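With mmCIF, C-alpha atoms inside, this is work-v2.cif:
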data_start
#
loop_
_atom_site.group_PDB
_atom_site.id
_atom_site.type_symbol
_atom_site.label_atom_id
_atom_site.label_comp_id
_atom_site.auth_asym_id
_atom_site.auth_seq_id
_atom_site.Cartn_x
_atom_site.Cartn_y
_atom_site.Cartn_z
ATOM 1 C CA MET A 496 0.000 0.000 0.000
ATOM 2 C CA ALA A 497 1.240 3.438 -0.937
ATOM 3 C CA ASP A 498 -0.473 5.243 1.939
ATOM 4 C CA ARG A 499 0.624 3.212 4.955
ATOM 5 C CA LEU A 500 2.113 6.289 6.644
ATOM 6 C CA ASN A 501 -0.622 8.797 5.782
ATOM 7 C CA GLY A 502 -1.126 11.343 8.553
ATOM 8 C CA THR A 503 2.242 10.698 10.208
ATOM 9 C CA ARG A 504 5.188 13.010 10.642
ATOM 10 C CA ILE A 505 8.556 11.222 10.488
ATOM 11 C CA LEU A 506 11.806 12.857 11.610
ATOM 12 C CA ILE A 507 14.914 11.736 9.724
ATOM 13 C CA LEU A 508 18.492 12.681 10.538
ATOM 14 C CA GLU A 509 20.388 11.009 7.705
ATOM 15 C CA THR A 510 22.619 13.184 5.550
ATOM 16 C CA ARG A 511 24.365 11.002 2.968
ATOM 17 C CA GLU A 512 21.197 9.228 1.850
ATOM 18 C CA GLU A 513 18.663 11.713 3.156
ATOM 19 C CA ALA A 514 17.066 12.352 -0.233
ATOM 20 C CA GLN A 515 16.497 8.650 -0.919
ATOM 21 C CA PHE A 516 15.114 7.953 2.552
ATOM 22 C CA SER A 517 12.821 10.986 2.360
ATOM 23 C CA LYS A 518 11.510 9.848 -1.027
ATOM 24 C CA LEU A 519 10.747 6.338 0.225
ATOM 25 C CA LEU A 520 8.874 7.698 3.247
ATOM 26 C CA ALA A 521 6.932 10.215 1.164
ATOM 27 C CA GLU A 522 5.879 7.426 -1.201
ATOM 28 C CA GLN A 523 4.181 5.812 1.799
ATOM 29 C CA GLY A 524 2.308 9.032 2.558
ATOM 30 C CA ALA A 525 4.452 10.361 5.411
ATOM 31 C CA GLU A 526 5.208 14.016 6.020
ATOM 32 C CA VAL A 527 8.990 13.987 6.309
ATOM 33 C CA VAL A 528 10.752 16.379 8.682
ATOM 34 C CA GLN A 529 14.430 16.555 7.728
ATOM 35 C CA CYS A 530 17.217 17.421 10.127
ATOM 36 C CA PRO A 531 20.774 17.074 8.770
ATOM 37 C CA MET A 532 23.106 16.225 11.651
ATOM 38 C CA PHE A 533 26.380 17.427 10.190
ATOM 39 C CA THR A 534 28.073 18.429 7.006
ATOM 40 C CA ILE A 535 30.691 16.152 5.478
ATOM 41 C CA HIS A 536 33.876 17.697 4.107
ATOM 42 C CA ASP A 537 36.970 16.282 2.429
ATOM 43 C CA ALA A 538 39.922 15.817 4.758
ATOM 44 C CA PRO A 539 41.334 19.323 5.347
ATOM 45 C CA ASP A 540 44.802 18.079 4.416
ATOM 46 C CA PRO A 541 44.553 15.942 1.273
ATOM 47 C CA ALA A 542 48.236 14.947 1.350
ATOM 48 C CA PRO A 543 47.818 11.815 3.552
ATOM 49 C CA VAL A 544 44.881 10.629 1.432
ATOM 50 C CA GLU A 545 46.849 11.128 -1.778
ATOM 51 C CA ALA A 546 49.885 9.365 -0.278
ATOM 52 C CA TRP A 547 47.710 6.396 0.739
ATOM 53 C CA THR A 548 46.230 6.292 -2.758
ATOM 54 C CA ARG A 549 49.652 6.271 -4.363
ATOM 55 C CA ARG A 550 50.835 3.480 -2.030
ATOM 56 C CA ALA A 551 47.781 1.461 -3.012
ATOM 57 C CA ILE A 552 48.617 1.964 -6.683
ATOM 58 C CA ASP A 553 52.362 1.371 -6.439
ATOM 59 C CA LYS A 554 51.933 -1.835 -4.468
ATOM 60 C CA PRO A 555 48.330 -3.069 -4.312
ATOM 61 C CA PHE A 556 47.137 -4.108 -0.876
ATOM 62 C CA ASP A 557 46.585 -7.778 -0.179
ATOM 63 C CA ASP A 558 43.357 -6.813 1.563
ATOM 64 C CA LEU A 559 41.165 -3.704 1.601
ATOM 65 C CA VAL A 560 38.671 -2.992 4.395
ATOM 66 C CA LEU A 561 36.071 -0.282 3.809
ATOM 67 C CA LEU A 562 34.051 0.943 6.767
ATOM 68 C CA THR A 563 31.832 3.432 4.892
ATOM 69 C CA GLY A 564 30.677 4.068 1.356
ATOM 70 C CA GLU A 565 31.365 7.762 1.852
ATOM 71 C CA GLY A 566 35.016 6.944 2.504
ATOM 72 C CA LEU A 567 35.573 5.237 -0.829
ATOM 73 C CA ARG A 568 33.698 7.984 -2.688
ATOM 74 C CA ARG A 569 35.920 10.646 -1.115
ATOM 75 C CA ILE A 570 39.052 8.669 -1.971
ATOM 76 C CA MET A 571 37.865 8.310 -5.559
ATOM 77 C CA LYS A 572 37.034 12.037 -5.729
ATOM 78 C CA LEU A 573 40.625 12.925 -4.868
ATOM 79 C CA ALA A 574 41.943 10.231 -7.218
ATOM 80 C CA VAL A 575 39.938 11.746 -10.083
ATOM 81 C CA ALA A 576 41.316 15.209 -9.281
ATOM 82 C CA ARG A 577 44.874 13.837 -9.385
ATOM 83 C CA GLY A 578 44.292 11.715 -12.493
ATOM 84 C CA LEU A 579 44.812 8.533 -10.493
ATOM 85 C CA ASP A 580 41.312 7.058 -10.588
ATOM 86 C CA GLN A 581 41.827 4.427 -13.294
ATOM 87 C CA ALA A 582 45.084 3.268 -11.758
ATOM 88 C CA LEU A 583 43.490 3.106 -8.303
ATOM 89 C CA VAL A 584 40.523 1.036 -9.473
ATOM 90 C CA ALA A 585 42.898 -1.347 -11.265
ATOM 91 C CA ALA A 586 44.973 -1.686 -8.099
ATOM 92 C CA LEU A 587 41.970 -2.250 -5.833
ATOM 93 C CA ALA A 588 40.726 -4.936 -8.201
ATOM 94 C CA LYS A 589 43.774 -6.980 -7.154
ATOM 95 C CA SER A 590 42.936 -6.795 -3.423
ATOM 96 C CA ARG A 591 40.534 -8.904 -1.428
ATOM 97 C CA LYS A 592 37.808 -6.462 -0.426
ATOM 98 C CA PHE A 593 35.815 -6.509 2.813
ATOM 99 C CA THR A 594 33.030 -4.126 3.792
ATOM 100 C CA ARG A 595 31.224 -3.114 6.964
ATOM 101 C CA GLY A 596 27.647 -3.586 5.847
ATOM 102 C CA PRO A 597 26.068 -2.914 2.453
ATOM 103 C CA LYS A 598 26.861 0.781 1.922
ATOM 104 C CA PRO A 599 30.600 0.360 1.155
ATOM 105 C CA GLY A 600 29.663 -2.510 -1.163
ATOM 106 C CA LYS A 601 27.400 -0.174 -3.092
ATOM 107 C CA ALA A 602 30.234 2.350 -3.418
ATOM 108 C CA LEU A 603 32.508 -0.409 -4.730
ATOM 109 C CA ARG A 604 29.975 -1.379 -7.377
ATOM 110 C CA GLU A 605 29.863 2.255 -8.513
ATOM 111 C CA VAL A 606 33.478 1.861 -9.682
ATOM 112 C CA GLY A 607 32.951 -1.614 -11.121
ATOM 113 C CA LEU A 608 34.254 -3.641 -8.177
ATOM 114 C CA ASP A 609 32.713 -6.097 -5.738
ATOM 115 C CA ALA A 610 33.377 -7.031 -2.140
ATOM 116 C CA GLN A 611 34.516 -10.569 -1.453
ATOM 117 C CA GLN A 612 32.829 -10.509 1.931
ATOM 118 C CA THR A 613 30.495 -8.248 3.919
ATOM 119 C CA THR A 614 29.918 -8.278 7.659
ATOM 120 C CA GLU A 615 26.834 -10.061 8.913
ATOM 121 C CA LYS A 616 26.283 -7.064 11.194
ATOM 122 C CA PRO A 617 27.365 -3.553 10.091
ATOM 123 C CA THR A 618 29.439 -2.822 13.189
ATOM 124 C CA THR A 619 33.119 -2.583 14.070
ATOM 125 C CA GLU A 620 32.690 -5.733 16.143
ATOM 126 C CA GLY A 621 31.276 -7.419 13.064
ATOM 127 C CA VAL A 622 34.359 -6.410 11.080
ATOM 128 C CA ILE A 623 36.676 -7.770 13.782
ATOM 129 C CA GLU A 624 34.721 -11.041 13.846
ATOM 130 C CA MET A 625 34.722 -11.372 10.048
ATOM 131 C CA LEU A 626 38.440 -10.677 9.677
ATOM 132 C CA GLY A 627 39.278 -12.783 12.719
ATOM 133 C CA ARG A 628 38.505 -15.909 10.686
ATOM 134 C CA LEU A 629 41.219 -15.071 8.149
ATOM 135 C CA ASP A 630 44.963 -15.615 8.083
ATOM 136 C CA LEU A 631 46.328 -12.074 7.773
ATOM 137 C CA LYS A 632 49.897 -12.732 8.859
ATOM 138 C CA GLY A 633 52.236 -10.691 6.675
ATOM 139 C CA HIS A 634 49.395 -9.128 4.699
ATOM 140 C CA ARG A 635 49.419 -5.467 3.711
ATOM 141 C CA LEU A 636 45.938 -4.288 4.614
ATOM 142 C CA GLY A 637 44.421 -0.977 3.551
ATOM 143 C CA LEU A 638 41.871 0.260 6.098
ATOM 144 C CA GLN A 639 39.516 3.161 5.421
ATOM 145 C CA LEU A 640 38.385 4.844 8.632
ATOM 146 C CA TYR A 641 35.611 7.331 9.419
ATOM 147 C CA PRO A 642 35.637 10.367 11.764
ATOM 148 C CA ASP A 643 34.688 10.708 15.422
ATOM 149 C CA LYS A 644 35.364 7.087 16.302
ATOM 150 C CA ASP A 645 38.095 5.369 18.305
ATOM 151 C CA HIS A 646 39.292 2.664 15.913
ATOM 152 C CA SER A 647 41.989 1.269 18.202
ATOM 153 C CA ALA A 648 40.083 -1.976 18.886
ATOM 154 C CA LEU A 649 39.961 -2.741 15.170
ATOM 155 C CA THR A 650 43.525 -1.736 14.338
ATOM 156 C CA GLY A 651 44.766 -3.579 17.416
ATOM 157 C CA ALA A 652 42.949 -6.764 16.456
ATOM 158 C CA LEU A 653 44.384 -6.626 12.932
ATOM 159 C CA ALA A 654 47.885 -6.024 14.241
ATOM 160 C CA GLU A 655 47.539 -9.011 16.564
ATOM 161 C CA GLN A 656 46.701 -11.131 13.522
ATOM 162 C CA GLY A 657 49.996 -10.083 11.965
ATOM 163 C CA ALA A 658 48.637 -7.637 9.383
ATOM 164 C CA GLU A 659 50.542 -4.534 8.330
ATOM 165 C CA VAL A 660 47.738 -1.973 8.545
ATOM 166 C CA ASP A 661 47.771 1.163 6.378
ATOM 167 C CA THR A 662 44.922 3.511 7.403
ATOM 168 C CA VAL A 663 43.300 6.433 5.623
ATOM 169 C CA LEU A 664 40.751 8.979 6.903
ATOM 170 C CA PRO A 665 39.366 10.703 3.797
ATOM 171 C CA TYR A 666 36.695 12.973 5.296
ATOM 172 C CA VAL A 667 35.676 14.931 8.389
ATOM 173 C CA TYR A 668 32.412 16.018 9.999
ATOM 174 C CA ASP A 669 31.383 19.631 10.593
ATOM 175 C CA SER A 670 28.707 19.339 13.244
ATOM 176 C CA LYS A 671 28.390 22.840 14.691
ATOM 177 C CA ALA A 672 26.517 24.223 11.694
ATOM 178 C CA ALA A 673 23.690 21.764 12.283
ATOM 179 C CA ASP A 674 23.099 22.444 15.990
ATOM 180 C CA ALA A 675 20.208 24.842 15.359
ATOM 181 C CA ASN A 676 18.445 22.197 13.264
ATOM 182 C CA ILE A 677 18.919 19.611 15.988
ATOM 183 C CA VAL A 678 17.542 21.863 18.728
ATOM 184 C CA ALA A 679 14.480 22.576 16.567
ATOM 185 C CA ALA A 680 13.979 18.831 16.058
ATOM 186 C CA ILE A 681 14.240 18.234 19.815
ATOM 187 C CA ASP A 682 11.577 20.884 20.394
ATOM 188 C CA ALA A 683 9.297 19.298 17.794
ATOM 189 C CA MET A 684 9.528 15.909 19.523
ATOM 190 C CA ALA A 685 9.059 17.390 22.993
ATOM 191 C CA GLU A 686 5.948 19.233 21.810
ATOM 192 C CA GLY A 687 4.452 16.065 20.350
ATOM 193 C CA ARG A 688 4.696 17.166 16.733
ATOM 194 C CA ILE A 689 6.649 14.082 15.583
ATOM 195 C CA ASP A 690 5.177 10.570 15.357
ATOM 196 C CA SER A 691 8.449 8.694 14.821
ATOM 197 C CA ILE A 692 12.173 9.355 14.611
ATOM 198 C CA ALA A 693 14.057 7.078 12.209
ATOM 199 C CA LEU A 694 17.683 6.428 13.175
ATOM 200 C CA THR A 695 19.963 4.891 10.553
ATOM 201 C CA ASN A 696 23.415 5.119 12.143
ATOM 202 C CA LEU A 697 24.735 5.267 15.684
ATOM 203 C CA GLY A 698 26.440 8.626 15.094
ATOM 204 C CA GLN A 699 23.005 10.222 14.932
ATOM 205 C CA VAL A 700 22.253 9.176 18.509
ATOM 206 C CA ARG A 701 25.571 10.586 19.691
ATOM 207 C CA ARG A 702 25.023 13.852 17.832
ATOM 208 C CA LEU A 703 21.547 14.277 19.296
ATOM 209 C CA PHE A 704 22.928 14.056 22.814
ATOM 210 C CA GLU A 705 26.029 16.145 22.097
ATOM 211 C CA ALA A 706 23.937 18.989 20.701
ATOM 212 C CA ALA A 707 21.357 18.663 23.465
ATOM 213 C CA LYS A 708 24.025 18.886 26.179
ATOM 214 C CA ALA A 709 25.697 21.845 24.470
ATOM 215 C CA HIS A 710 22.410 23.745 24.469
ATOM 216 C CA GLY A 711 21.026 22.624 27.827
ATOM 217 C CA SER A 712 18.300 20.542 26.199
ATOM 218 C CA GLU A 713 19.119 16.993 27.304
ATOM 219 C CA ALA A 714 16.073 16.697 29.589
ATOM 220 C CA ARG A 715 13.892 18.038 26.787
ATOM 221 C CA LEU A 716 15.438 15.531 24.362
ATOM 222 C CA ARG A 717 14.698 12.613 26.672
ATOM 223 C CA ALA A 718 11.145 13.845 27.196
ATOM 224 C CA GLY A 719 10.691 14.128 23.436
ATOM 225 C CA LEU A 720 12.065 10.662 22.746
ATOM 226 C CA GLU A 721 9.806 9.241 25.439
ATOM 227 C CA ARG A 722 6.708 10.340 23.527
ATOM 228 C CA THR A 723 8.088 9.568 20.038
ATOM 229 C CA LEU A 724 8.261 6.136 18.394
ATOM 230 C CA ILE A 725 11.989 5.372 18.041
ATOM 231 C CA ALA A 726 12.835 3.360 14.928
ATOM 232 C CA SER A 727 16.315 1.805 14.740
ATOM 233 C CA ILE A 728 17.727 0.358 11.547
ATOM 234 C CA GLY A 729 19.794 -2.280 13.323
ATOM 235 C CA PRO A 730 21.899 -3.499 16.266
ATOM 236 C CA ALA A 731 24.554 -0.771 16.151
ATOM 237 C CA VAL A 732 21.958 1.977 16.543
ATOM 238 C CA SER A 733 19.990 0.003 19.133
ATOM 239 C CA GLY A 734 23.166 -0.560 21.120
ATOM 240 C CA GLU A 735 23.967 3.154 21.128
ATOM 241 C CA LEU A 736 20.423 3.931 22.255
ATOM 242 C CA ALA A 737 20.812 1.430 25.095
ATOM 243 C CA ALA A 738 24.072 3.111 26.107
ATOM 244 C CA HIS A 739 22.015 6.266 26.670
ATOM 245 C CA GLY A 740 19.342 4.401 28.604
ATOM 246 C CA LEU A 741 16.871 4.392 25.717
ATOM 247 C CA ARG A 742 14.954 1.690 23.885
ATOM 248 C CA ALA A 743 14.362 1.054 20.211
ATOM 249 C CA ASP A 744 10.615 0.675 19.767
ATOM 250 C CA VAL A 745 10.855 -0.871 16.304
ATOM 251 C CA SER A 746 13.576 -2.358 14.134
ATOM 252 C CA PRO A 747 13.624 -4.383 10.905
ATOM 253 C CA ALA A 748 13.554 -8.153 11.038
ATOM 254 C CA GLU A 749 16.965 -9.707 11.711
ATOM 255 C CA ASP A 750 19.465 -9.376 8.851
ATOM 256 C CA HIS A 751 17.264 -6.860 7.002
ATOM 257 C CA TYR A 752 18.994 -3.674 8.121
ATOM 258 C CA PHE A 753 17.895 -1.469 5.235
ATOM 259 C CA MET A 754 15.585 1.478 4.674
ATOM 260 C CA ARG A 755 12.591 -0.337 3.179
ATOM 261 C CA PRO A 756 12.328 -2.967 5.972
ATOM 262 C CA LEU A 757 12.741 -0.149 8.516
ATOM 263 C CA ILE A 758 9.871 1.779 6.913
ATOM 264 C CA SER A 759 7.698 -1.357 6.932
ATOM 265 C CA ALA A 760 8.372 -1.856 10.647
ATOM 266 C CA MET A 761 7.519 1.780 11.348
ATOM 267 C CA ALA A 762 4.284 1.582 9.351
ATOM 268 C CA ALA A 763 3.162 -1.513 11.242
ATOM 269 C CA ALA A 764 3.872 0.063 14.622
ATOM 270 C CA LEU A 765 2.291 3.415 13.779
ATOM 271 C CA ALA A 766 -0.828 1.721 12.423
ATOM 272 C CA GLU A 767 -1.521 0.438 15.935
ATOM 273 C CA LYS A 768 -2.082 3.929 17.277
ATOM 274 C CA ARG A 769 -3.981 6.935 16.052
ATOM 275 C CA PRO A 770 -1.561 9.402 14.390
ATOM 276 C CA ARG A 771 -1.274 12.788 16.050
ATOM 277 C CA VAL A 772 -2.529 15.752 14.083
ATOM 278 C CA ALA A 773 0.360 17.461 12.322
ATOM 279 C CA GLY A 774 1.065 20.832 13.846
#
Could the structure of this file be written out as structure tokens, please?
Amino acid sequence: MADRLNGTRILILETREEAQFSKLLAEQGAEVVQCPMFTIHDAPDPAPVEAWTRRAIDKPFDDLVLLTGEGLRRIMKLAVARGLDQALVAALAKSRKFTRGPKPGKALREVGLDAQQTTEKPTTEGVIEMLGRLDLKGHRLGLQLYPDKDHSALTGALAEQGAEVDTVLPYVYDSKAADANIVAAIDAMAEGRIDSIALTNLGQVRRLFEAAKAHGSEARLRAGLERTLIASIGPAVSGELAAHGLRADVSPAEDHYFMRPLISAMAAALAEKRPRVAG
């Protein structure tokens, strides 16, 4: 049914795939309230990213681990600017490629490559578990990181397996510019003007609380979340919610951590209660 979410107001915080998520929700009849959490920028110093790219070309990695699709796209953007893109794709084709969830796999397919293996769960722990089954002794391993995360558990685990890890951090977050949007979203939830908040990565939960604390709105945030259906796309988000003493009201069926199953779970849950009048 194309009107399963008619009369509901859904708050989304995604940035990279915000347009797609918004479109899918609107197709189901929802009124989508968008709140970008941060702006993504290229690494302020491109030199380390270019150096990593050239190392990958000069001597292709035995293994490549991608944690985000955004990371590969940013690496490719710089490679195109330097005229290295074709050489980089050819080099990466020679590596075994592993991804944290489906998004990096999608980015690989955009350049004509495929992952040999994807984590069962899109978490750092899932990556450690997946790679822990492999013999990495003596392997040169390229590892794409993402900002605002302590990656020492992952790099330490790989080092213990005997891998020579070569990391790259191709982008940064600019979160301050979005604080006003976040405070407005908190107010909307606290005032009962949002039926459900859809969370698609754990960084969104962290950003909500960081911005709330910075603006003295943490109590208001918790009050708003208490009266709003919280939809979590998967275990990483649900775990971060639990770390803040919160629950995920709905989540997709196991192993279906994607937007469409999340929307279906939200529609089913919201159908059980009378939607609030949009205000």
**Report entry** Of the listed residues A:Ala714, A:Ala521, A:Leu757, A:Ala514, that which approaches Gly502 of chain A most closely, counting only C-alpha atoms
**Finding:** A:Ala521
Report task. Would you please work out which residue, of A:Gly711, A:Pro531, A:Pro597, A:Gly687, is nearest to Leu724 of chain A when using all atoms listed in the file? Result ->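 That would be A:Gly687, the residue with the smallest distance to Leu724 of chain A.
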**Report entry** Shortest interatomic distance to Ala602 of chain A - which of A:Met625, A:Leu561, A:Ala588, A:Leu720, counting only C-alpha atoms
**Finding:**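 Closest to Ala602 of chain A of all the choices is A:Leu561.
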Query raised in the report: In Å, how far is it from atom CA of Leu519 of chain A to atom CA of Leu603 of chain A?
Result: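 We find that atom CA of Leu519 of chain A and atom CA of Leu603 of chain A lie 23.3 Å from each other.
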Query raised in the report: From the list A:Leu506, A:Ala546, A:Val622, A:Val700, which residue is nearest Thr563 of chain A when using all atoms listed in the file?
Result: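 Of A:Leu506, A:Ala546, A:Val622, A:Val700, the one nearest Thr563 of chain A, counting all atoms listed in the file, is A:Val622.
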Requested in this report: Apply the PyMOL selection byres ((chain A and resi 569-571) around 7) to the file shown and report the selected residues as a list of chain:residue names.
Outcome: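 Evaluating the PyMOL selection byres ((chain A and resi 569-571) around 7) on this file yields A:Asp537, A:Glu565, A:Gly566, A:Leu567, A:Arg568, A:Lys572, A:Leu573, A:Ala574, A:Val575, A:Asp580, A:Pro665, A:Tyr666.
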Requested in this report: Translate the PyMOL selection byres ((chain A and resi 713) around 12), as applied to the file shown, into an explicit residue set as a PyMOL selection string.
Outcome: chain A and resi 677-678+681-682+685+701-712+714-720+739
Requested in this report: Please evaluate the PyMOL selection byres ((chain A and resi 551-553) around 10) against the structure above and give the resulting residues as a PyMOL selection string.
Outcome: chain A and resi 545-550+554-557+559+579-587+590+635-637+661
**Report entry** Residue list as a count of residues only for point (21.7, -1.0, 18.0), cut-off 10 Å, all atoms listed in the file
**Finding:** 20
Requested in this report: Identify which of the residues A:Ala748, A:Ala654, A:Ala680, A:Leu562 lies closest to Cys530 of chain A, counting all atoms listed in the file when measuring atom-to-atom distances.
Outcome: A:Ala680
Query raised in the report: A:Thr650, A:Thr534, A:Gln523, A:Gln639: which is nearest Asp669 of chain A, counting all atoms listed in the file?
Result: A:Thr534
Contacts of Leu649 of chain A within 8 Å, only C-alpha atoms, excl. fewer than 6 positions in-chain, as a PDB file with C-alpha atoms, in the coordinates of the input:
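For reference, out.pdb as written:
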ATOM      1  CA  THR A 619      33.119  -2.583  14.070  1.00  0.00           C
ATOM      2  CA  GLU A 620      32.690  -5.733  16.143  1.00  0.00           C
ATOM      3  CA  VAL A 622      34.359  -6.410  11.080  1.00  0.00           C
ATOM      4  CA  ILE A 623      36.676  -7.770  13.782  1.00  0.00           C
TER       5      ILE A 623
END
Report task. For Asp690 of chain A, please output as a list of chain:residue names all residues within 6 Å (counting all atoms listed in the file; exclusion window: fewer than 5 positions along the same chain). Result ->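 Those residues are A:Thr503, A:Arg504, A:Ile505, A:Thr723.
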